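Asker: Structure in structure tokens, see below.
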Amino acid sequence: MGAVAIAAALGVVTLGTAFAVALQAGSFALSPADWAALRFTVLQAALSAALSCALAVPVARALARRRFVGRGLLVTLMGAPFLLPVIVAVLGLLAVFGRSGLFNDLLALMGLPRLSIYGLHGVVLAHVFLNLPLATRMILQGWQAIPAERFRLAQSLSMGPGAVMRHLELPMLRATLPGAAVAVFVICLTSFAVALTLGGGPGATTVELAIYQALRFDFDPARAAALSALQFVLCAGAVGLGWRALQAPGFGAGLGRRLSIPAPGGWRRGADALVIALAAAFLLVPLGSVLLRGLWGLSDLPPGLGMALVRSVAVALASTLLTTSAALVLALAVAARGSRLLEVAAMLPLAASALVLGTGLFLILRPWVRAEDVALPVTILVNATLSLPFVYRLLLPQAQAMQADFGRLADSLSLTGAARLRWLVLPRLSRPLGFGAGIAAALSMGDLGVITLFAGESGATLPLYVHRLMGAYRMDAAAAAALILVAASFALFALFDLWGRRAAS
Amino acid sequence: MLHLDHLHLTEPGFALRADLTVPKGARVAVIGPSGAGKSTLLNAIAGFMAPTAGRILWQGAELTALPPGDRPLTILFQDQNLFPHLTVAQNLGLGLSPRLRLSPDQHKAIDRALERVGLASLGSRLPSQLSGGQQGRAALARALLRARPMLLLDEPFAALGPALKADMLDLVSEVAAETAATVLMVTHDPTDAKRFADQTILVADGIAHPPQNTAELFQNPPQALKDYLGS
């Protein structure tokens, strides 16, 4: 009953906003600028997916077959960019690859011209930075899923590295790479914060960014609606085509197994070391420079930061509560009854994007309220909707195991309602609940999407606050605020995750 | 009296019919080849599976539409009879109150039941800290507390060694005697049936046959039972 109501609410929020958008769309004839946005969106997503996956293969292979001090830490860090606020990643990349960043200083030292980070290559660079770790983890899981016996068999047949590649590793890559590529592609299709900061202009505007500009700068709701309809079709199409590939979540346990993969010596050893060092530097140097610069700026924090932090934490907690309870109800219902309709409803938000939901809600609410009055409730609703599929997919397998193991025993003891929740569900599912809630909280904390549409001058969340500082070229203050944002995001994640682990043991 | 009235149970590729009565207080073994539907029959009586046709009655009252927890019975499964995250005492307490709001008298009753099955002072342990036999005893202690008129056993002791299993069957006999329960016990072992049950239901070829005297059944087995026993 509750599950059906939640599924209906998800349908209203995702499909209802799309419907509202379609009703308001002025015309579906796209202007040349709209076509350019569409082309750019697909191009940058395809490039980002291809580059992330191509670079992830050597990194995953090196991590799969080498053991070194700090390997576990590095693999854990690979999970972090998923939770890293995008605006912080952008700030780090600017510090390294920006006009006066480390990288350009290096180029200048060698007498080469400085490169600009803005435009297509900047957007792709940021997307690779954010998604290379995700792709690496997915492919690493594939490598570690190859049974150790296969490698032993290969050794007993004295296969060299080339033959191992052909007979064991290539088939695995054929199975895992499409999933990783589709996941990165879909994430980049709806990318907004990266395009907002590093893109822009006629040559580097995504559809998502074009929606924002149409609504916020041109005050043209009809055009925003038409673009939203386009974006919805694009995302729904991509999710529909990649449905199967998207079923496996890209994060999870099981990456700390003992060494079962032969580690060839010679030049390959050096190559693997170089690959790992480069990947670690690519990920850590930008973050390190934000950290340093932020520590520098901490002594002179701008006013208003405290309130922005409070707003962000409140939004994160509210959307976490909303999304975790909704995902739990759906996962329990699917585990008990196996309803196809509920499963589809839980996955529906994958086809949505923050700006499409935001535009739809804006159009629906416009006649009744001022946008800035509902900025936080709308952000809570949109964040909860968008993170629901992740939490749901974390909970489902465990809910199914619980139902199979203890469902009948609980039924035979009349363990229902609140008693079942307290004595069976919460103790059995606390680990994925804590982890899922942590992910939802960090995602919401770092979100810079729908809030940009709704917030007034004074109602900014912390990511928007950082963005405004960057826009005012107050980079030290922006780095300090970013540091606080990262600390708060990871603290929320760690707090929920720790609660889950504690309750489970 | 348990009455299975023209009961039809169907699953994809499987069908079982049962039209029989079990007298109140009887101890009945349910025997037959694996896959014949012994567990399915118990699951239907316990309410985990809706029959496609027919009725289940206890003392003339129809159970068919009742949820599992409201039926006048306790069932012990092959495994997972205890929640691993709750203590033994809490697991027993759930048999008295699903919300685990227990009165002092109920706490005393739990202690007595634990003592009765030889687990005195182990109430604060987690199930994983008990041996397999002790876990079986804890589940039986809960059955003792619930004191429902029927006790269904779906091979809960199959993983135990012969001596331990014999002990457990003796304990089941005592629990059944103390609660005046009618017992239905699935088993694939003829010695269990002969040792424990005065009557036996043979489940074979899509039919659950009415209970017969166990000794006579094994002295003069029908063809289906001969095939199963390999004699």
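Letters A, B, ... go to the chains of the structure tokens in the order shown; residues in each chain start at 1; ligands are counted from 1 in the same order.
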Quick one: residues within 8 Å of B:Ala36, only C-alpha atoms counted, chain neighbours fewer than 4 positions away excluded, as a PyMOL selection string?

Answerer: chain B and resi 32+203-206

Asker: Skip stretch 8-20 of chain B itself and residues of its chain fewer than 3 positions away, then list as a VMD selection string all residues within 10 Å of it, counting only C-alpha atoms.

Answerer: chain B and resid 2 to 5 35 to 38 40 to 41 44 49 to 56 201 203 to 211

Asker: Extract, using only C-alpha atoms, all DNA, RNA and protein residues at most 12 Å from A:Val124, discarding same-chain residues fewer than 6 positions from it, and format them as a PDB file with all heavy atoms, in the first residue's frame.

Answerer:
```
ATOM      1  N   PHE A  40      26.655  19.144 -28.595  1.00  0.00           N
ATOM      2  CA  PHE A  40      27.726  19.253 -27.612  1.00  0.00           C
ATOM      3  C   PHE A  40      27.503  18.275 -26.457  1.00  0.00           C
ATOM      4  O   PHE A  40      28.444  17.626 -25.986  1.00  0.00           O
ATOM      5  CB  PHE A  40      27.828  20.681 -27.074  1.00  0.00           C
ATOM      6  CG  PHE A  40      28.909  20.843 -26.042  1.00  0.00           C
ATOM      7  CD1 PHE A  40      30.242  20.930 -26.416  1.00  0.00           C
ATOM      8  CD2 PHE A  40      28.608  20.868 -24.685  1.00  0.00           C
ATOM      9  CE1 PHE A  40      31.241  21.048 -25.479  1.00  0.00           C
ATOM     10  CE2 PHE A  40      29.608  20.986 -23.733  1.00  0.00           C
ATOM     11  CZ  PHE A  40      30.931  21.080 -24.132  1.00  0.00           C
ATOM     12  N   THR A  41      26.255  18.173 -26.004  1.00  0.00           N
ATOM     13  CA  THR A  41      25.936  17.272 -24.891  1.00  0.00           C
ATOM     14  C   THR A  41      26.344  15.837 -25.222  1.00  0.00           C
ATOM     15  O   THR A  41      27.026  15.164 -24.440  1.00  0.00           O
ATOM     16  CB  THR A  41      24.435  17.329 -24.577  1.00  0.00           C
ATOM     17  OG1 THR A  41      24.085  18.670 -24.272  1.00  0.00           O
ATOM     18  CG2 THR A  41      24.083  16.437 -23.408  1.00  0.00           C
ATOM     19  N   VAL A  42      25.925  15.368 -26.394  1.00  0.00           N
ATOM     20  CA  VAL A  42      26.219  13.989 -26.774  1.00  0.00           C
ATOM     21  C   VAL A  42      27.717  13.809 -27.005  1.00  0.00           C
ATOM     22  O   VAL A  42      28.307  12.818 -26.565  1.00  0.00           O
ATOM     23  CB  VAL A  42      25.405  13.596 -28.027  1.00  0.00           C
ATOM     24  CG1 VAL A  42      25.796  12.208 -28.502  1.00  0.00           C
ATOM     25  CG2 VAL A  42      23.913  13.646 -27.725  1.00  0.00           C
ATOM     26  N   LEU A  43      28.334  14.793 -27.652  1.00  0.00           N
ATOM     27  CA  LEU A  43      29.768  14.693 -27.955  1.00  0.00           C
ATOM     28  C   LEU A  43      30.596  14.610 -26.680  1.00  0.00           C
ATOM     29  O   LEU A  43      31.440  13.719 -26.515  1.00  0.00           O
ATOM     30  CB  LEU A  43      30.204  15.904 -28.796  1.00  0.00           C
ATOM     31  CG  LEU A  43      31.709  15.994 -29.085  1.00  0.00           C
ATOM     32  CD1 LEU A  43      32.127  14.866 -30.029  1.00  0.00           C
ATOM     33  CD2 LEU A  43      32.086  17.349 -29.683  1.00  0.00           C
ATOM     34  N   GLN A  44      30.354  15.539 -25.740  1.00  0.00           N
ATOM     35  CA  GLN A  44      31.176  15.537 -24.527  1.00  0.00           C
ATOM     36  C   GLN A  44      30.919  14.284 -23.697  1.00  0.00           C
ATOM     37  O   GLN A  44      31.840  13.726 -23.093  1.00  0.00           O
ATOM     38  CB  GLN A  44      30.979  16.825 -23.709  1.00  0.00           C
ATOM     39  CG  GLN A  44      29.573  17.113 -23.218  1.00  0.00           C
ATOM     40  CD  GLN A  44      29.203  16.383 -21.951  1.00  0.00           C
ATOM     41  OE1 GLN A  44      30.068  15.882 -21.258  1.00  0.00           O
ATOM     42  NE2 GLN A  44      27.921  16.291 -21.669  1.00  0.00           N
ATOM     43  N   ALA A  45      29.658  13.805 -23.675  1.00  0.00           N
ATOM     44  CA  ALA A  45      29.359  12.592 -22.905  1.00  0.00           C
ATOM     45  C   ALA A  45      30.060  11.386 -23.518  1.00  0.00           C
ATOM     46  O   ALA A  45      30.625  10.549 -22.808  1.00  0.00           O
ATOM     47  CB  ALA A  45      27.847  12.370 -22.832  1.00  0.00           C
ATOM     48  N   ALA A  46      30.034  11.309 -24.870  1.00  0.00           N
ATOM     49  CA  ALA A  46      30.681  10.177 -25.538  1.00  0.00           C
ATOM     50  C   ALA A  46      32.192  10.227 -25.322  1.00  0.00           C
ATOM     51  O   ALA A  46      32.818   9.205 -25.001  1.00  0.00           O
ATOM     52  CB  ALA A  46      30.346  10.195 -27.028  1.00  0.00           C
ATOM     53  N   LEU A  47      32.787  11.406 -25.477  1.00  0.00           N
ATOM     54  CA  LEU A  47      34.232  11.543 -25.267  1.00  0.00           C
ATOM     55  C   LEU A  47      34.598  11.205 -23.822  1.00  0.00           C
ATOM     56  O   LEU A  47      35.580  10.496 -23.563  1.00  0.00           O
ATOM     57  CB  LEU A  47      34.675  12.970 -25.579  1.00  0.00           C
ATOM     58  CG  LEU A  47      34.918  13.315 -27.050  1.00  0.00           C
ATOM     59  CD1 LEU A  47      35.278  14.791 -27.188  1.00  0.00           C
ATOM     60  CD2 LEU A  47      36.041  12.445 -27.624  1.00  0.00           C
ATOM     61  N   SER A  48      33.812  11.718 -22.872  1.00  0.00           N
ATOM     62  CA  SER A  48      34.103  11.464 -21.461  1.00  0.00           C
ATOM     63  C   SER A  48      34.022   9.980 -21.158  1.00  0.00           C
ATOM     64  O   SER A  48      34.876   9.428 -20.445  1.00  0.00           O
ATOM     65  CB  SER A  48      33.116  12.225 -20.573  1.00  0.00           C
ATOM     66  OG  SER A  48      33.142  13.597 -20.868  1.00  0.00           O
ATOM     67  N   ALA A  49      32.983   9.308 -21.693  1.00  0.00           N
ATOM     68  CA  ALA A  49      32.819   7.877 -21.443  1.00  0.00           C
ATOM     69  C   ALA A  49      33.977   7.106 -22.052  1.00  0.00           C
ATOM     70  O   ALA A  49      34.571   6.223 -21.407  1.00  0.00           O
ATOM     71  CB  ALA A  49      31.481   7.397 -22.002  1.00  0.00           C
ATOM     72  N   ALA A  50      34.330   7.433 -23.302  1.00  0.00           N
ATOM     73  CA  ALA A  50      35.393   6.694 -23.988  1.00  0.00           C
ATOM     74  C   ALA A  50      36.729   6.886 -23.270  1.00  0.00           C
ATOM     75  O   ALA A  50      37.452   5.916 -23.004  1.00  0.00           O
ATOM     76  CB  ALA A  50      35.495   7.148 -25.441  1.00  0.00           C
ATOM     77  N   LEU A  51      37.052   8.130 -22.932  1.00  0.00           N
ATOM     78  CA  LEU A  51      38.338   8.397 -22.282  1.00  0.00           C
ATOM     79  C   LEU A  51      38.396   7.773 -20.890  1.00  0.00           C
ATOM     80  O   LEU A  51      39.404   7.167 -20.507  1.00  0.00           O
ATOM     81  CB  LEU A  51      38.557   9.905 -22.179  1.00  0.00           C
ATOM     82  CG  LEU A  51      39.297  10.549 -23.354  1.00  0.00           C
ATOM     83  CD1 LEU A  51      39.339  12.057 -23.180  1.00  0.00           C
ATOM     84  CD2 LEU A  51      40.711   9.981 -23.458  1.00  0.00           C
ATOM     85  N   SER A  52      37.307   7.936 -20.120  1.00  0.00           N
ATOM     86  CA  SER A  52      37.295   7.370 -18.769  1.00  0.00           C
ATOM     87  C   SER A  52      37.545   5.874 -18.829  1.00  0.00           C
ATOM     88  O   SER A  52      38.337   5.326 -18.054  1.00  0.00           O
ATOM     89  CB  SER A  52      35.949   7.638 -18.083  1.00  0.00           C
ATOM     90  OG  SER A  52      35.760   9.011 -17.913  1.00  0.00           O
ATOM     91  N   VAL A  90      35.884  20.841  -9.573  1.00  0.00           N
ATOM     92  CA  VAL A  90      36.169  21.892 -10.555  1.00  0.00           C
ATOM     93  C   VAL A  90      37.199  22.870 -10.001  1.00  0.00           C
ATOM     94  O   VAL A  90      38.150  23.253 -10.686  1.00  0.00           O
ATOM     95  CB  VAL A  90      34.866  22.620 -10.938  1.00  0.00           C
ATOM     96  CG1 VAL A  90      35.178  23.883 -11.732  1.00  0.00           C
ATOM     97  CG2 VAL A  90      33.964  21.697 -11.746  1.00  0.00           C
ATOM     98  N   LEU A  93      40.578  21.278 -10.183  1.00  0.00           N
ATOM     99  CA  LEU A  93      41.100  21.230 -11.548  1.00  0.00           C
ATOM    100  C   LEU A  93      41.548  22.609 -12.004  1.00  0.00           C
ATOM    101  O   LEU A  93      42.551  22.752 -12.708  1.00  0.00           O
ATOM    102  CB  LEU A  93      40.034  20.668 -12.492  1.00  0.00           C
ATOM    103  CG  LEU A  93      39.755  19.182 -12.285  1.00  0.00           C
ATOM    104  CD1 LEU A  93      38.545  18.734 -13.081  1.00  0.00           C
ATOM    105  CD2 LEU A  93      40.974  18.357 -12.684  1.00  0.00           C
ATOM    106  N   ILE A 117      41.481  25.984 -19.834  1.00  0.00           N
ATOM    107  CA  ILE A 117      40.699  24.845 -19.341  1.00  0.00           C
ATOM    108  C   ILE A 117      39.236  24.973 -19.731  1.00  0.00           C
ATOM    109  O   ILE A 117      38.461  24.045 -19.579  1.00  0.00           O
ATOM    110  CB  ILE A 117      40.855  24.718 -17.809  1.00  0.00           C
ATOM    111  CG1 ILE A 117      40.312  23.373 -17.340  1.00  0.00           C
ATOM    112  CG2 ILE A 117      40.201  25.882 -17.106  1.00  0.00           C
ATOM    113  CD1 ILE A 117      40.436  23.153 -15.865  1.00  0.00           C
ATOM    114  N   TYR A 118      38.862  26.127 -20.273  1.00  0.00           N
ATOM    115  CA  TYR A 118      37.440  26.332 -20.584  1.00  0.00           C
ATOM    116  C   TYR A 118      37.110  25.774 -21.956  1.00  0.00           C
ATOM    117  O   TYR A 118      37.938  25.761 -22.858  1.00  0.00           O
ATOM    118  CB  TYR A 118      37.096  27.821 -20.497  1.00  0.00           C
ATOM    119  CG  TYR A 118      37.284  28.344 -19.096  1.00  0.00           C
ATOM    120  CD1 TYR A 118      38.448  29.002 -18.724  1.00  0.00           C
ATOM    121  CD2 TYR A 118      36.316  28.101 -18.123  1.00  0.00           C
ATOM    122  CE1 TYR A 118      38.636  29.450 -17.433  1.00  0.00           C
ATOM    123  CE2 TYR A 118      36.504  28.533 -16.819  1.00  0.00           C
ATOM    124  CZ  TYR A 118      37.663  29.217 -16.481  1.00  0.00           C
ATOM    125  OH  TYR A 118      37.833  29.628 -15.205  1.00  0.00           O
ATOM    126  N   LEU A 130      36.077  13.021 -12.623  1.00  0.00           N
ATOM    127  CA  LEU A 130      35.002  12.559 -11.748  1.00  0.00           C
ATOM    128  C   LEU A 130      34.629  11.105 -11.997  1.00  0.00           C
ATOM    129  O   LEU A 130      34.184  10.416 -11.079  1.00  0.00           O
ATOM    130  CB  LEU A 130      33.755  13.442 -11.927  1.00  0.00           C
ATOM    131  CG  LEU A 130      33.876  14.857 -11.359  1.00  0.00           C
ATOM    132  CD1 LEU A 130      32.769  15.744 -11.882  1.00  0.00           C
ATOM    133  CD2 LEU A 130      33.834  14.806  -9.838  1.00  0.00           C
ATOM    134  N   ASN A 131      34.810  10.614 -13.237  1.00  0.00           N
ATOM    135  CA  ASN A 131      34.292   9.291 -13.577  1.00  0.00           C
ATOM    136  C   ASN A 131      35.343   8.222 -13.805  1.00  0.00           C
ATOM    137  O   ASN A 131      35.013   7.037 -13.820  1.00  0.00           O
ATOM    138  CB  ASN A 131      33.381   9.387 -14.802  1.00  0.00           C
ATOM    139  CG  ASN A 131      32.129  10.171 -14.495  1.00  0.00           C
ATOM    140  OD1 ASN A 131      31.393   9.833 -13.581  1.00  0.00           O
ATOM    141  ND2 ASN A 131      31.906  11.243 -15.228  1.00  0.00           N
ATOM    142  N   LEU A 132      36.603   8.630 -13.971  1.00  0.00           N
ATOM    143  CA  LEU A 132      37.660   7.622 -14.090  1.00  0.00           C
ATOM    144  C   LEU A 132      37.654   6.670 -12.886  1.00  0.00           C
ATOM    145  O   LEU A 132      37.745   5.451 -13.055  1.00  0.00           O
ATOM    146  CB  LEU A 132      39.029   8.314 -14.237  1.00  0.00           C
ATOM    147  CG  LEU A 132      40.254   7.405 -14.219  1.00  0.00           C
ATOM    148  CD1 LEU A 132      40.257   6.489 -15.436  1.00  0.00           C
ATOM    149  CD2 LEU A 132      41.551   8.213 -14.200  1.00  0.00           C
ATOM    150  N   VAL A 184      28.910   6.026 -17.311  1.00  0.00           N
ATOM    151  CA  VAL A 184      29.576   7.330 -17.402  1.00  0.00           C
ATOM    152  C   VAL A 184      28.837   8.222 -18.396  1.00  0.00           C
ATOM    153  O   VAL A 184      28.627   9.416 -18.142  1.00  0.00           O
ATOM    154  CB  VAL A 184      31.057   7.151 -17.811  1.00  0.00           C
ATOM    155  CG1 VAL A 184      31.714   8.514 -18.002  1.00  0.00           C
ATOM    156  CG2 VAL A 184      31.799   6.347 -16.768  1.00  0.00           C
ATOM    157  N   PHE A 185      28.436   7.645 -19.533  1.00  0.00           N
ATOM    158  CA  PHE A 185      27.742   8.419 -20.562  1.00  0.00           C
ATOM    159  C   PHE A 185      26.468   9.055 -19.995  1.00  0.00           C
ATOM    160  O   PHE A 185      26.219  10.253 -20.176  1.00  0.00           O
ATOM    161  CB  PHE A 185      27.403   7.498 -21.742  1.00  0.00           C
ATOM    162  CG  PHE A 185      26.744   8.189 -22.901  1.00  0.00           C
ATOM    163  CD1 PHE A 185      27.491   8.951 -23.790  1.00  0.00           C
ATOM    164  CD2 PHE A 185      25.376   8.075 -23.111  1.00  0.00           C
ATOM    165  CE1 PHE A 185      26.886   9.592 -24.863  1.00  0.00           C
ATOM    166  CE2 PHE A 185      24.767   8.712 -24.173  1.00  0.00           C
ATOM    167  CZ  PHE A 185      25.522   9.472 -25.054  1.00  0.00           C
ATOM    168  N   CYS A 188      27.174  11.875 -17.594  1.00  0.00           N
ATOM    169  CA  CYS A 188      27.660  13.091 -18.258  1.00  0.00           C
ATOM    170  C   CYS A 188      26.563  13.787 -19.069  1.00  0.00           C
ATOM    171  O   CYS A 188      26.633  14.997 -19.296  1.00  0.00           O
ATOM    172  CB  CYS A 188      28.849  12.764 -19.160  1.00  0.00           C
ATOM    173  SG  CYS A 188      30.287  12.206 -18.228  1.00  0.00           S
ATOM    174  N   LEU A 189      25.576  13.027 -19.508  1.00  0.00           N
ATOM    175  CA  LEU A 189      24.465  13.649 -20.246  1.00  0.00           C
ATOM    176  C   LEU A 189      23.767  14.704 -19.402  1.00  0.00           C
ATOM    177  O   LEU A 189      23.320  15.728 -19.911  1.00  0.00           O
ATOM    178  CB  LEU A 189      23.422  12.588 -20.639  1.00  0.00           C
ATOM    179  CG  LEU A 189      23.601  11.791 -21.909  1.00  0.00           C
ATOM    180  CD1 LEU A 189      22.364  10.956 -22.159  1.00  0.00           C
ATOM    181  CD2 LEU A 189      23.876  12.688 -23.102  1.00  0.00           C
ATOM    182  N   SER A 191      25.081  16.299 -16.886  1.00  0.00           N
ATOM    183  CA  SER A 191      26.040  17.113 -16.156  1.00  0.00           C
ATOM    184  C   SER A 191      25.675  18.586 -16.263  1.00  0.00           C
ATOM    185  O   SER A 191      25.484  19.123 -17.344  1.00  0.00           O
ATOM    186  CB  SER A 191      27.428  16.867 -16.737  1.00  0.00           C
ATOM    187  OG  SER A 191      28.321  17.811 -16.229  1.00  0.00           O
ATOM    188  N   VAL A 194      29.493  21.087 -14.015  1.00  0.00           N
ATOM    189  CA  VAL A 194      30.740  21.167 -14.779  1.00  0.00           C
ATOM    190  C   VAL A 194      30.573  22.117 -15.959  1.00  0.00           C
ATOM    191  O   VAL A 194      31.411  22.990 -16.214  1.00  0.00           O
ATOM    192  CB  VAL A 194      31.170  19.760 -15.257  1.00  0.00           C
ATOM    193  CG1 VAL A 194      32.258  19.868 -16.311  1.00  0.00           C
ATOM    194  CG2 VAL A 194      31.653  18.933 -14.080  1.00  0.00           C
ATOM    195  N   ALA A 195      29.447  21.955 -16.688  1.00  0.00           N
ATOM    196  CA  ALA A 195      29.210  22.824 -17.841  1.00  0.00           C
ATOM    197  C   ALA A 195      29.024  24.271 -17.396  1.00  0.00           C
ATOM    198  O   ALA A 195      29.459  25.204 -18.071  1.00  0.00           O
ATOM    199  CB  ALA A 195      27.978  22.333 -18.607  1.00  0.00           C
ATOM    200  N   LEU A 198      32.840  25.313 -16.356  1.00  0.00           N
ATOM    201  CA  LEU A 198      33.929  25.205 -17.336  1.00  0.00           C
ATOM    202  C   LEU A 198      33.441  25.359 -18.772  1.00  0.00           C
ATOM    203  O   LEU A 198      34.236  25.535 -19.685  1.00  0.00           O
ATOM    204  CB  LEU A 198      34.644  23.853 -17.176  1.00  0.00           C
ATOM    205  CG  LEU A 198      35.324  23.629 -15.829  1.00  0.00           C
ATOM    206  CD1 LEU A 198      35.949  22.243 -15.764  1.00  0.00           C
ATOM    207  CD2 LEU A 198      36.384  24.695 -15.578  1.00  0.00           C
ATOM    208  N   GLY A 199      32.137  25.225 -18.985  1.00  0.00           N
ATOM    209  CA  GLY A 199      31.596  25.343 -20.339  1.00  0.00           C
ATOM    210  C   GLY A 199      31.016  26.719 -20.556  1.00  0.00           C
ATOM    211  O   GLY A 199      31.517  27.716 -20.055  1.00  0.00           O
ATOM    212  N   ALA A 204      30.083  25.461 -26.123  1.00  0.00           N
ATOM    213  CA  ALA A 204      30.261  24.515 -25.027  1.00  0.00           C
ATOM    214  C   ALA A 204      29.108  24.594 -24.025  1.00  0.00           C
ATOM    215  O   ALA A 204      29.310  24.744 -22.830  1.00  0.00           O
ATOM    216  CB  ALA A 204      31.592  24.751 -24.329  1.00  0.00           C
TER     217      ALA A 204
END
```

Asker: May I have the residues within 8 Å of stretch 150-158 of chain A as a ChimeraX atom specification, using only C-alpha atoms and disregarding those fewer than 6 positions away in the same chain?

Answerer: /A:164,168,260-262

Asker: If you run DSSP on the backbone here, which positions in stretch 42-230 of chain B get alpha helix (DSSP H)? Please write them as JSON, numbers by chain.

Answerer: {"B": [42, 43, 44, 45, 46, 88, 89, 90, 91, 92, 93, 104, 105, 106, 107, 108, 109, 110, 111, 112, 113, 114, 115, 116, 132, 133, 134, 135, 136, 137, 138, 139, 140, 141, 142, 143, 144, 145, 146, 162, 163, 164, 165, 166, 167, 168, 169, 170, 171, 172, 173, 174, 175, 176, 177, 178, 179, 190, 191, 192, 193, 194, 195, 196, 214, 215, 216, 217, 218, 219, 223, 224, 225, 226, 227, 228, 229]}

Asker: From the set A:Asp300, A:Glu208, A:Asp447, A:Glu149, which residue has the shortest atom-to-atom contact distance to A:Leu230, counting only C-alpha atoms?

Answerer: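 Residue with the minimum atom-to-atom distance to A:Leu230: A:Glu208.
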
Asker: Chain B residues within 9 Å of chain A, counting only C-alpha atoms: which ones, as a list in words?

Answerer: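 The complete set of qualifying residues is Ala46, Gly47, Phe48, Pro67, Pro68, Gly69, Asp70, Arg71, Leu73, Thr74, Ile75, Leu76, Phe77, Asp79, Gln80, Asn81, Leu82, Phe83, His85, Leu86, Leu94, Gly95, Leu96, Ser97, Pro98, Arg99 and Leu100 of chain B.
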
Asker: Take the selection from the previous step and output its residues with C-alpha atoms, as a PDB file, in the first residue's frame.

Answerer:
```pdb
ATOM      1  CA  ALA B  46       1.114 -23.181   8.053  1.00  0.00           C
ATOM      2  CA  GLY B  47      -0.236 -20.539   5.662  1.00  0.00           C
ATOM      3  CA  PHE B  48       2.788 -19.785   3.485  1.00  0.00           C
ATOM      4  CA  PRO B  67      -2.400 -15.269   8.105  1.00  0.00           C
ATOM      5  CA  PRO B  68       0.389 -17.622   9.273  1.00  0.00           C
ATOM      6  CA  GLY B  69       0.808 -16.078  12.728  1.00  0.00           C
ATOM      7  CA  ASP B  70      -2.899 -16.410  13.547  1.00  0.00           C
ATOM      8  CA  ARG B  71      -3.080 -20.153  12.865  1.00  0.00           C
ATOM      9  CA  LEU B  73       0.241 -23.940  15.177  1.00  0.00           C
ATOM     10  CA  THR B  74       3.984 -23.578  15.533  1.00  0.00           C
ATOM     11  CA  ILE B  75       6.260 -24.549  12.651  1.00  0.00           C
ATOM     12  CA  LEU B  76       9.969 -25.348  12.812  1.00  0.00           C
ATOM     13  CA  PHE B  77      11.810 -24.953   9.497  1.00  0.00           C
ATOM     14  CA  ASP B  79      17.014 -23.900   9.277  1.00  0.00           C
ATOM     15  CA  GLN B  80      16.737 -20.206  10.247  1.00  0.00           C
ATOM     16  CA  ASN B  81      14.418 -20.872  13.185  1.00  0.00           C
ATOM     17  CA  LEU B  82      16.102 -18.154  15.250  1.00  0.00           C
ATOM     18  CA  PHE B  83      16.861 -14.528  14.383  1.00  0.00           C
ATOM     19  CA  HIS B  85      20.683 -10.657  15.648  1.00  0.00           C
ATOM     20  CA  LEU B  86      18.503 -11.274  18.721  1.00  0.00           C
ATOM     21  CA  LEU B  94       8.867 -13.091  20.235  1.00  0.00           C
ATOM     22  CA  GLY B  95       6.804 -16.229  20.693  1.00  0.00           C
ATOM     23  CA  LEU B  96       4.879 -14.499  23.480  1.00  0.00           C
ATOM     24  CA  SER B  97       4.735 -10.920  22.153  1.00  0.00           C
ATOM     25  CA  PRO B  98       5.735  -9.787  18.655  1.00  0.00           C
ATOM     26  CA  ARG B  99       6.488  -6.315  20.058  1.00  0.00           C
ATOM     27  CA  LEU B 100       8.721  -7.859  22.731  1.00  0.00           C
TER      28      LEU B 100
END
```

Asker: Between atom CA of B:His6 and atom CA of B:Gly60, what is the distance in Å, rounded to a tenth?

Answerer: 14.7 Å

Asker: Calculate how many Å separate atom CA of A:Thr461 from atom CA of A:Ala308, rounding to one decimal.

Answerer: 4.7 Å

Asker: So, with only C-alpha atoms as the atoms that count, which of A:Ser339, A:Ser444, A:Thr190, A:Ser489 lies closest to A:His127?

Answerer: A:Thr190

Asker: I'd like to know which of B:Leu57, B:Met150, B:Ala29, B:Leu130 is closest to B:Arg195, using only C-alpha atoms.

Answerer: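 Ranking B:Leu57, B:Met150, B:Ala29, B:Leu130 by distance to B:Arg195, first place goes to B:Ala29.
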
Asker: Using Å and a single decimal, report how far atom CA of A:Ala384 sits from atom CA of A:Gly436.

Answerer: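 Computing the Euclidean distance for atom CA of A:Gly436 and atom CA of A:Ala384 yields 11.9 Å.
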
Asker: Which residues come within 7 Å of A:Ala335, counting only C-alpha atoms, excluding same-chain residues fewer than 4 positions away, as JSON, numbers by chain?

Answerer: {"A": [331, 396, 399, 400, 403]}
